[in-house]
$ cat my_file_2.cif   # mmCIF, C-alpha atoms
data_query
#
loop_
_atom_site.label_atom_id
_atom_site.label_comp_id
_atom_site.auth_asym_id
_atom_site.auth_seq_id
_atom_site.Cartn_x
_atom_site.Cartn_y
_atom_site.Cartn_z
CA ARG Z 1 -73.53 -30.08 23.75
CA LYS Z 2 -71.13 -32.29 21.82
CA GLU Z 3 -72.25 -33.39 18.36
CA VAL Z 4 -71.67 -37.05 19.14
CA GLU Z 5 -71.62 -38.37 22.68
CA GLN Z 6 -70.78 -41.75 24.07
CA ASP Z 7 -70.49 -43.20 27.53
CA PRO Z 8 -66.71 -43.59 27.87
CA GLY Z 9 -67.02 -46.60 30.12
CA PRO Z 10 -65.04 -48.61 30.83
CA PHE Z 11 -67.38 -51.53 30.57
CA ASN Z 12 -65.92 -54.60 32.24
CA VAL Z 13 -67.93 -57.73 31.51
CA PRO Z 14 -67.38 -61.47 31.85
CA GLU Z 15 -67.08 -63.71 28.83
CA GLY Z 16 -70.48 -64.67 27.49
CA ALA Z 17 -72.20 -61.51 28.71
CA THR Z 18 -74.38 -59.28 26.61
CA VAL Z 19 -73.35 -55.64 26.54
CA ALA Z 20 -74.89 -52.58 24.90
CA PHE Z 21 -73.50 -49.16 24.06
CA ASN Z 22 -75.44 -46.07 23.11
CA CYS Z 23 -74.36 -43.04 21.19
CA THR Z 24 -76.35 -39.82 20.87
CA TYR Z 25 -76.03 -37.30 18.07
CA SER Z 26 -77.16 -33.70 17.82
CA ASN Z 27 -77.81 -33.19 14.11
CA SER Z 28 -81.29 -34.43 13.27
CA ALA Z 29 -80.43 -34.30 9.55
CA SER Z 30 -77.67 -36.90 9.88
CA GLN Z 31 -78.09 -39.68 7.37
CA SER Z 32 -75.41 -42.29 7.88
CA PHE Z 33 -74.12 -43.92 11.00
CA PHE Z 34 -71.34 -46.32 11.77
CA TRP Z 35 -69.71 -48.25 14.54
CA TYR Z 36 -65.94 -48.61 14.53
CA ARG Z 37 -63.68 -50.74 16.62
CA GLN Z 38 -60.26 -49.53 17.72
CA ASP Z 39 -57.64 -51.69 19.35
CA CYS Z 40 -54.99 -50.04 21.49
CA ARG Z 41 -52.75 -47.72 19.44
CA LYS Z 42 -54.14 -49.05 16.18
CA GLU Z 43 -56.28 -47.38 13.55
CA PRO Z 44 -60.08 -47.56 13.87
CA LYS Z 45 -61.67 -50.18 11.68
CA LEU Z 46 -65.23 -50.26 10.47
CA LEU Z 47 -67.32 -52.71 12.47
CA MET Z 48 -70.68 -52.12 10.88
CA SER Z 49 -72.93 -49.54 9.32
CA VAL Z 50 -76.20 -48.73 11.05
CA TYR Z 51 -79.32 -48.86 8.92
CA SER Z 52 -82.69 -47.36 9.69
CA SER Z 53 -84.28 -50.79 10.03
CA GLY Z 54 -81.50 -52.05 12.26
CA ASN Z 55 -79.01 -54.66 11.23
CA GLU Z 56 -77.26 -57.68 12.60
CA ASP Z 57 -73.91 -59.26 11.90
CA GLY Z 58 -73.35 -62.41 13.88
CA ARG Z 59 -73.18 -61.48 17.55
CA PHE Z 60 -73.42 -57.77 16.80
CA THR Z 61 -76.65 -55.81 16.38
CA ALA Z 62 -76.85 -52.14 15.53
CA GLN Z 63 -79.96 -50.01 15.80
CA LEU Z 64 -80.94 -46.45 15.00
CA ASN Z 65 -83.54 -44.42 16.84
CA ARG Z 66 -84.13 -41.26 14.85
CA ALA Z 67 -86.79 -39.88 17.16
CA SER Z 68 -84.44 -39.88 20.13
CA GLN Z 69 -81.33 -39.36 18.00
CA TYR Z 70 -79.23 -42.23 19.15
CA ILE Z 71 -77.66 -45.37 17.80
CA SER Z 72 -76.87 -48.49 19.74
CA LEU Z 73 -74.56 -51.47 19.48
CA LEU Z 74 -75.41 -54.75 21.16
CA ILE Z 75 -72.79 -57.47 21.56
CA ARG Z 76 -74.05 -60.90 22.55
CA ASP Z 77 -71.97 -63.75 23.96
CA SER Z 78 -68.94 -61.51 24.50
CA LYS Z 79 -65.53 -62.93 23.65
CA LEU Z 80 -62.16 -61.95 25.07
CA SER Z 81 -61.29 -60.73 21.57
CA ASP Z 82 -64.11 -58.18 21.71
CA SER Z 83 -62.04 -56.12 24.16
CA ALA Z 84 -61.46 -52.81 22.40
CA THR Z 85 -62.74 -49.27 22.19
CA TYR Z 86 -65.94 -48.82 20.19
CA LEU Z 87 -66.48 -45.54 18.37
CA CYS Z 88 -69.67 -44.26 16.86
CA VAL Z 89 -69.60 -41.95 13.85
CA VAL Z 90 -72.23 -39.88 12.11
CA ASP Z 91 -72.21 -38.84 8.48
CA ASP Z 92 -70.15 -35.69 8.76
CA MET Z 93 -67.51 -37.94 10.20
CA ARG Z 94 -67.82 -36.71 13.75
CA PHE Z 95 -66.51 -39.33 16.09
CA GLY Z 96 -67.66 -40.04 19.56
CA ALA Z 97 -64.88 -40.25 22.14
CA GLY Z 98 -65.33 -44.00 22.27
CA THR Z 99 -66.48 -46.59 24.80
CA ARG Z 100 -63.89 -48.96 26.17
CA LEU Z 101 -64.92 -52.56 26.61
CA THR Z 102 -62.93 -55.16 28.52
CA VAL Z 103 -64.15 -58.74 28.43
CA LYS Z 104 -62.71 -60.85 31.24
CA PRO Z 105 -62.42 -64.63 31.56
CA GLU E 106 -55.25 -53.76 -2.08
CA ALA E 107 -57.44 -50.82 -1.16
CA GLN E 108 -55.64 -48.79 1.45
CA VAL E 109 -54.67 -45.49 2.95
CA THR E 110 -50.93 -45.09 3.34
CA GLN E 111 -49.45 -42.72 5.88
CA ASN E 112 -45.82 -41.88 6.37
CA PRO E 113 -43.89 -41.82 8.55
CA ARG E 114 -45.25 -44.18 11.21
CA TYR E 115 -43.12 -42.64 13.92
CA LEU E 116 -41.46 -39.23 14.06
CA ILE E 117 -39.56 -37.36 16.73
CA THR E 118 -38.78 -33.77 15.92
CA VAL E 119 -37.78 -30.52 17.59
CA THR E 120 -39.90 -27.48 18.18
CA GLY E 121 -40.14 -25.20 15.16
CA LYS E 122 -38.81 -27.60 12.54
CA LYS E 123 -41.30 -27.85 9.71
CA LEU E 124 -42.57 -31.30 8.90
CA THR E 125 -45.00 -33.00 6.56
CA VAL E 126 -46.94 -36.19 7.14
CA THR E 127 -47.99 -37.75 3.87
CA CYS E 128 -51.25 -39.53 3.17
CA SER E 129 -52.23 -41.33 0.00
CA GLN E 130 -55.28 -43.41 -0.91
CA ASN E 131 -55.83 -45.69 -3.89
CA MET E 132 -59.62 -45.97 -3.77
CA ASN E 133 -60.50 -42.85 -5.77
CA HIS E 134 -62.26 -41.44 -2.70
CA GLU E 135 -63.59 -37.89 -2.80
CA TYR E 136 -63.35 -37.25 0.90
CA MET E 137 -60.20 -37.21 3.01
CA SER E 138 -59.64 -36.12 6.55
CA TRP E 139 -56.98 -35.78 9.22
CA TYR E 140 -57.53 -36.56 12.88
CA ARG E 141 -55.45 -36.41 15.98
CA GLN E 142 -56.09 -38.70 18.90
CA ASP E 143 -55.12 -37.90 22.45
CA PRO E 144 -55.87 -39.84 25.65
CA GLY E 145 -59.32 -39.03 26.97
CA LEU E 146 -60.17 -36.77 24.03
CA GLY E 147 -60.94 -39.27 21.32
CA LEU E 148 -60.50 -38.52 17.64
CA ARG E 149 -60.59 -34.83 16.80
CA GLN E 150 -60.81 -33.66 13.24
CA ILE E 151 -58.05 -31.30 12.11
CA TYR E 152 -58.89 -30.64 8.45
CA TYR E 153 -60.93 -32.33 5.80
CA SER E 154 -61.28 -32.16 2.07
CA MET E 155 -64.40 -32.85 0.04
CA ASN E 156 -62.52 -32.89 -3.26
CA VAL E 157 -59.45 -31.63 -5.09
CA GLU E 158 -58.59 -28.05 -4.14
CA VAL E 159 -61.38 -27.99 -1.53
CA THR E 160 -60.29 -28.05 2.11
CA ASP E 161 -62.02 -27.02 5.32
CA LYS E 162 -61.12 -26.67 8.94
CA GLY E 163 -62.18 -29.27 11.40
CA ASP E 164 -62.36 -28.86 15.15
CA VAL E 165 -58.68 -28.31 15.88
CA PRO E 166 -56.99 -26.73 12.83
CA GLU E 167 -54.63 -24.34 14.63
CA GLY E 168 -50.99 -25.01 13.84
CA TYR E 169 -51.74 -27.23 10.84
CA LYS E 170 -52.03 -26.81 7.10
CA VAL E 171 -53.20 -29.18 4.40
CA SER E 172 -53.37 -29.27 0.65
CA ARG E 173 -55.34 -31.32 -1.87
CA LYS E 174 -53.70 -30.84 -5.24
CA GLU E 175 -54.47 -34.38 -6.35
CA LYS E 176 -57.35 -36.63 -5.43
CA ARG E 177 -55.19 -39.35 -3.93
CA ASN E 178 -52.92 -37.23 -1.72
CA PHE E 179 -53.71 -35.16 1.34
CA PRO E 180 -50.54 -34.15 3.22
CA LEU E 181 -50.62 -32.64 6.69
CA ILE E 182 -48.11 -29.84 7.25
CA LEU E 183 -46.88 -28.54 10.58
CA GLU E 184 -45.08 -25.30 9.76
CA SER E 185 -43.69 -24.77 13.26
CA PRO E 186 -44.41 -27.78 15.45
CA SER E 187 -44.84 -27.33 19.17
CA PRO E 188 -44.88 -29.87 22.02
CA ASN E 189 -48.69 -29.65 22.29
CA GLN E 190 -48.86 -31.19 18.83
CA THR E 191 -47.39 -34.39 20.17
CA SER E 192 -50.11 -36.88 19.34
CA LEU E 193 -51.22 -39.86 17.31
CA TYR E 194 -52.38 -38.75 13.86
CA PHE E 195 -54.68 -40.60 11.49
CA CYS E 196 -55.49 -39.92 7.89
CA ALA E 197 -58.72 -41.34 6.52
CA SER E 198 -60.69 -41.40 3.30
CA SER E 199 -64.21 -42.24 2.24
CA PRO E 200 -66.48 -41.95 -0.79
CA GLY E 201 -68.13 -39.02 0.98
CA PRO E 202 -70.39 -38.62 4.00
CA ARG E 203 -73.55 -38.41 1.95
CA SER E 204 -72.56 -40.67 -0.88
CA SER E 205 -74.93 -43.49 -1.67
CA ASP E 206 -71.87 -45.71 -1.61
CA ASN E 207 -70.80 -44.48 1.78
CA TYR E 208 -69.39 -47.32 3.75
CA GLY E 209 -67.49 -45.21 6.21
CA TYR E 210 -63.89 -44.34 6.53
CA THR E 211 -60.76 -46.28 5.74
CA PHE E 212 -57.93 -45.22 8.02
CA GLY E 213 -54.21 -45.13 7.60
CA SER E 214 -52.09 -46.93 10.19
CA GLY E 215 -51.33 -43.74 12.06
CA THR E 216 -48.34 -41.50 12.70
CA ARG E 217 -47.05 -41.14 16.21
CA LEU E 218 -45.47 -37.69 16.43
CA THR E 219 -43.38 -36.44 19.30
CA VAL E 220 -42.29 -32.80 19.38
CA VAL E 221 -39.55 -32.03 21.90
#

$ encode --input "my_file_2.cif" --output "C-alpha cells"
Amino acid sequence: RKEVEQDPGPFNVPEGATVAFNCTYSNSASQSFFWYRQDCRKEPKLLMSVYSSGNEDGRFTAQLNRASQYISLLIRDSKLSDSATYLCVVDDMRFGAGTRLTVKP
Amino acid sequence: EAQVTQNPRYLITVTGKKLTVTCSQNMNHEYMSWYRQDPGLGLRQIYYSMNVEVTDKGDVPEGYKVSRKEKRNFPLILESPSPNQTSLYFCASSPGPRSSDNYGYTFGSGTRLTVV
C-alpha cells in the first residue's frame, strides 16, 4: 500500500460546482498535513495546511479524519483558475500522486 | 525574498557526463529534499537532509548523490547520467516535518533535465 494515495482524476467540473478530493495516508503517527496546488510544469505551491479541527480559506475547506486516516479538500464555487493538480502531503513529506482538476466554462 | 533557487532551469546532456544541479535556500531551513516528477508517477523523493552533514535516501536514490556541507545548499549530483534520469527535478526546503513552525515546503522553480 502506498503511504499517501489520491484519486488521480481527472475531475472535470463546470464553473460554480463544488468538488471534493480525498487523500489517504498509511502512517497513523503522522502529525502535519498539507494541500499543494501545481500548475502545469510549474513548482508545487502550498495551498493550505490541514488542522485537526478543520480549516477554511475562502472557497477552500480542508479537513482531517484521523480515525480513518484521510484528509479532504473541498472547493466551492469553482473558478476556471482553479484548474490545476492538487497534491496532498503528510509530515514526512510524502506526496500523493496528485488529483487533476479541470474547471470548464 | 524568501526563496529556493535551483540552477540550471533547463539542461540537456549526454549519457555519462557528470552534472550537478544546485539548490540554495535563504530561509535558514533545517530540512531540504530533492524530488523528481515524471508523468503519471507524481513527485518521488530522491534524497533528503534533516540538517548539515545528515542525508538520507528517499524512494528513488539510485544514480544520484547529494551533499549538505552548509545549511543553505543541497546540490544534486548525477555521476553518470542515463536517459532514464530524464525528468523534471525539484528542490524544496522546510523548517522540518515535525517542527512547530512547519508550514510545508517551499519549492524551487524546477530543473528540466534531458539525458541523450

$ resolve_selection --input "my_file_2.cif" --expression "the PyMOL selection byres ((chain Z and resi 26) around 6)" --output "ChimeraX atom specification"
/Z:3,25,27

$ axis_aligned_box --input "my_file_2.cif" --around "region 164-176 of chain E" --padding-each-side "8 Å" --output "AutoDock Vina command-line options"
--center_x -56.7 --center_y -30.5 --center_z 4.8 --size_x 27.4 --size_y 28.3 --size_z 38.2

$ resolve_selection --input "my_file_2.cif" --expression "the PyMOL selection byres ((chain Z) within 12 of (chain E))" --output "MDAnalysis selection string"
chainID Z and resid 2:10 29:51 85:100

$ atom_distance --input "my_file_2.cif" --atom1 "CA of Ser172 (chain E)" --atom2 "CA of Val159 (chain E)"
8.4 Å

$ resolve_selection --input "my_file_2.cif" --expression "the PyMOL selection byres ((chain Z and resi 17) around 9)" --output "NGL selection string"
:Z and (13-16 or 18-19 or 75-79 or 103)

$ residues_around --input "my_file_2.cif" --residues "Arg66 (chain Z)" --least-positions-apart "5" --cutoff "9 Å" --atoms "all atoms listed in the file" --output "list in words"
Ser28, Ser52 and Ile71 of chain Z

$ residues_around --input "my_file_2.cif" --residues "Asn189 (chain E)" --least-positions-apart "5" --cutoff "10 Å" --atoms "only C-alpha atoms" --output "PyMOL selection string"
chain E and resi 120+168+219-221

$ write_last_selection --input "my_file_2.cif" --atoms "C-alpha atoms" --output "PDB file, keeping the file's coordinate frame"
ATOM      1  CA  THR E 120     -39.900 -27.480  18.180  1.00  0.00           C
ATOM      2  CA  GLY E 168     -50.990 -25.010  13.840  1.00  0.00           C
ATOM      3  CA  THR E 219     -43.380 -36.440  19.300  1.00  0.00           C
ATOM      4  CA  VAL E 220     -42.290 -32.800  19.380  1.00  0.00           C
ATOM      5  CA  VAL E 221     -39.550 -32.030  21.900  1.00  0.00           C
TER       6      VAL E 221
END

$ closest_residue --input "my_file_2.cif" --among "Z:Leu101, Z:Ala20, Z:Asn55, Z:Gln69" --to "Asp82 (chain Z)" --atoms "only C-alpha atoms"
Z:Leu101

$ atom_distance --input "my_file_2.cif" --atom1 "CA of Arg177 (chain E)" --atom2 "CA of Tyr152 (chain E)"
15.6 Å

$ atom_distance --input "my_file_2.cif" --atom1 "CA of Glu175 (chain E)" --atom2 "CA of Lys122 (chain E)"
25.5 Å

$ build_atoms --input "my_file_2.cif" --residues "region 144-155 of chain E" --atoms "all heavy atoms" --output "PDB file, keeping the file's coordinate frame"
ATOM      1  N   PRO E 144     -55.198 -39.097  24.568  1.00  0.00           N
ATOM      2  CA  PRO E 144     -55.870 -39.840  25.650  1.00  0.00           C
ATOM      3  C   PRO E 144     -57.011 -39.033  26.259  1.00  0.00           C
ATOM      4  O   PRO E 144     -56.841 -37.865  26.614  1.00  0.00           O
ATOM      5  CB  PRO E 144     -54.739 -40.074  26.645  1.00  0.00           C
ATOM      6  CG  PRO E 144     -53.498 -40.056  25.828  1.00  0.00           C
ATOM      7  CD  PRO E 144     -53.747 -39.041  24.745  1.00  0.00           C
ATOM      8  N   GLY E 145     -58.169 -39.665  26.352  1.00  0.00           N
ATOM      9  CA  GLY E 145     -59.320 -39.030  26.970  1.00  0.00           C
ATOM     10  C   GLY E 145     -60.068 -38.053  26.087  1.00  0.00           C
ATOM     11  O   GLY E 145     -61.153 -37.587  26.454  1.00  0.00           O
ATOM     12  N   LEU E 146     -59.524 -37.755  24.914  1.00  0.00           N
ATOM     13  CA  LEU E 146     -60.170 -36.770  24.030  1.00  0.00           C
ATOM     14  C   LEU E 146     -60.723 -37.384  22.764  1.00  0.00           C
ATOM     15  O   LEU E 146     -61.375 -36.713  21.972  1.00  0.00           O
ATOM     16  CB  LEU E 146     -59.181 -35.664  23.681  1.00  0.00           C
ATOM     17  CG  LEU E 146     -58.695 -34.820  24.851  1.00  0.00           C
ATOM     18  CD1 LEU E 146     -57.647 -33.814  24.387  1.00  0.00           C
ATOM     19  CD2 LEU E 146     -59.853 -34.093  25.514  1.00  0.00           C
ATOM     20  N   GLY E 147     -60.424 -38.626  22.511  1.00  0.00           N
ATOM     21  CA  GLY E 147     -60.940 -39.270  21.320  1.00  0.00           C
ATOM     22  C   GLY E 147     -60.313 -38.725  20.055  1.00  0.00           C
ATOM     23  O   GLY E 147     -59.265 -38.069  20.076  1.00  0.00           O
ATOM     24  N   LEU E 148     -60.973 -38.978  18.944  1.00  0.00           N
ATOM     25  CA  LEU E 148     -60.500 -38.520  17.640  1.00  0.00           C
ATOM     26  C   LEU E 148     -61.050 -37.127  17.367  1.00  0.00           C
ATOM     27  O   LEU E 148     -62.262 -36.919  17.384  1.00  0.00           O
ATOM     28  CB  LEU E 148     -60.977 -39.469  16.542  1.00  0.00           C
ATOM     29  CG  LEU E 148     -60.192 -40.754  16.383  1.00  0.00           C
ATOM     30  CD1 LEU E 148     -61.026 -41.792  15.663  1.00  0.00           C
ATOM     31  CD2 LEU E 148     -58.911 -40.496  15.619  1.00  0.00           C
ATOM     32  N   ARG E 149     -60.160 -36.195  17.100  1.00  0.00           N
ATOM     33  CA  ARG E 149     -60.590 -34.830  16.800  1.00  0.00           C
ATOM     34  C   ARG E 149     -60.145 -34.484  15.385  1.00  0.00           C
ATOM     35  O   ARG E 149     -58.987 -34.671  15.021  1.00  0.00           O
ATOM     36  CB  ARG E 149     -60.009 -33.852  17.812  1.00  0.00           C
ATOM     37  CG  ARG E 149     -60.567 -34.029  19.219  1.00  0.00           C
ATOM     38  CD  ARG E 149     -59.993 -33.005  20.179  1.00  0.00           C
ATOM     39  NE  ARG E 149     -58.569 -33.205  20.391  1.00  0.00           N
ATOM     40  CZ  ARG E 149     -57.772 -32.323  20.995  1.00  0.00           C
ATOM     41  NH1 ARG E 149     -58.268 -31.179  21.416  1.00  0.00           N
ATOM     42  NH2 ARG E 149     -56.489 -32.596  21.161  1.00  0.00           N
ATOM     43  N   GLN E 150     -61.082 -33.943  14.641  1.00  0.00           N
ATOM     44  CA  GLN E 150     -60.810 -33.660  13.240  1.00  0.00           C
ATOM     45  C   GLN E 150     -59.998 -32.379  13.097  1.00  0.00           C
ATOM     46  O   GLN E 150     -60.350 -31.339  13.662  1.00  0.00           O
ATOM     47  CB  GLN E 150     -62.128 -33.542  12.477  1.00  0.00           C
ATOM     48  CG  GLN E 150     -61.978 -33.545  10.969  1.00  0.00           C
ATOM     49  CD  GLN E 150     -63.325 -33.524  10.283  1.00  0.00           C
ATOM     50  OE1 GLN E 150     -64.211 -32.754  10.625  1.00  0.00           O
ATOM     51  NE2 GLN E 150     -63.492 -34.395   9.297  1.00  0.00           N
ATOM     52  N   ILE E 151     -58.934 -32.447  12.305  1.00  0.00           N
ATOM     53  CA  ILE E 151     -58.050 -31.300  12.110  1.00  0.00           C
ATOM     54  C   ILE E 151     -58.476 -30.522  10.867  1.00  0.00           C
ATOM     55  O   ILE E 151     -58.787 -29.329  10.931  1.00  0.00           O
ATOM     56  CB  ILE E 151     -56.590 -31.755  11.973  1.00  0.00           C
ATOM     57  CG1 ILE E 151     -56.155 -32.557  13.196  1.00  0.00           C
ATOM     58  CG2 ILE E 151     -55.670 -30.552  11.761  1.00  0.00           C
ATOM     59  CD1 ILE E 151     -54.802 -33.236  13.036  1.00  0.00           C
ATOM     60  N   TYR E 152     -58.449 -31.192   9.735  1.00  0.00           N
ATOM     61  CA  TYR E 152     -58.890 -30.640   8.450  1.00  0.00           C
ATOM     62  C   TYR E 152     -59.535 -31.757   7.664  1.00  0.00           C
ATOM     63  O   TYR E 152     -59.256 -32.939   7.879  1.00  0.00           O
ATOM     64  CB  TYR E 152     -57.685 -30.114   7.642  1.00  0.00           C
ATOM     65  CG  TYR E 152     -57.338 -28.670   7.870  1.00  0.00           C
ATOM     66  CD1 TYR E 152     -56.371 -28.308   8.794  1.00  0.00           C
ATOM     67  CD2 TYR E 152     -57.964 -27.666   7.131  1.00  0.00           C
ATOM     68  CE1 TYR E 152     -56.032 -26.974   8.995  1.00  0.00           C
ATOM     69  CE2 TYR E 152     -57.634 -26.329   7.321  1.00  0.00           C
ATOM     70  CZ  TYR E 152     -56.671 -25.996   8.246  1.00  0.00           C
ATOM     71  OH  TYR E 152     -56.335 -24.675   8.445  1.00  0.00           O
ATOM     72  N   TYR E 153     -60.376 -31.368   6.719  1.00  0.00           N
ATOM     73  CA  TYR E 153     -60.930 -32.330   5.800  1.00  0.00           C
ATOM     74  C   TYR E 153     -61.021 -31.724   4.412  1.00  0.00           C
ATOM     75  O   TYR E 153     -60.917 -30.505   4.248  1.00  0.00           O
ATOM     76  CB  TYR E 153     -62.289 -32.854   6.279  1.00  0.00           C
ATOM     77  CG  TYR E 153     -63.393 -31.838   6.348  1.00  0.00           C
ATOM     78  CD1 TYR E 153     -64.292 -31.669   5.307  1.00  0.00           C
ATOM     79  CD2 TYR E 153     -63.551 -31.044   7.488  1.00  0.00           C
ATOM     80  CE1 TYR E 153     -65.321 -30.744   5.385  1.00  0.00           C
ATOM     81  CE2 TYR E 153     -64.570 -30.108   7.570  1.00  0.00           C
ATOM     82  CZ  TYR E 153     -65.452 -29.972   6.519  1.00  0.00           C
ATOM     83  OH  TYR E 153     -66.468 -29.045   6.609  1.00  0.00           O
ATOM     84  N   SER E 154     -61.206 -32.600   3.458  1.00  0.00           N
ATOM     85  CA  SER E 154     -61.280 -32.160   2.070  1.00  0.00           C
ATOM     86  C   SER E 154     -62.373 -32.946   1.354  1.00  0.00           C
ATOM     87  O   SER E 154     -62.376 -34.174   1.382  1.00  0.00           O
ATOM     88  CB  SER E 154     -59.937 -32.391   1.365  1.00  0.00           C
ATOM     89  OG  SER E 154     -60.062 -32.196  -0.022  1.00  0.00           O
ATOM     90  N   MET E 155     -63.300 -32.206   0.744  1.00  0.00           N
ATOM     91  CA  MET E 155     -64.400 -32.850   0.040  1.00  0.00           C
ATOM     92  C   MET E 155     -64.009 -33.213  -1.395  1.00  0.00           C
ATOM     93  O   MET E 155     -64.692 -34.024  -2.031  1.00  0.00           O
ATOM     94  CB  MET E 155     -65.612 -31.909   0.000  1.00  0.00           C
ATOM     95  CG  MET E 155     -66.134 -31.526   1.356  1.00  0.00           C
ATOM     96  SD  MET E 155     -66.944 -32.904   2.193  1.00  0.00           S
ATOM     97  CE  MET E 155     -68.523 -32.897   1.338  1.00  0.00           C
TER      98      MET E 155
END
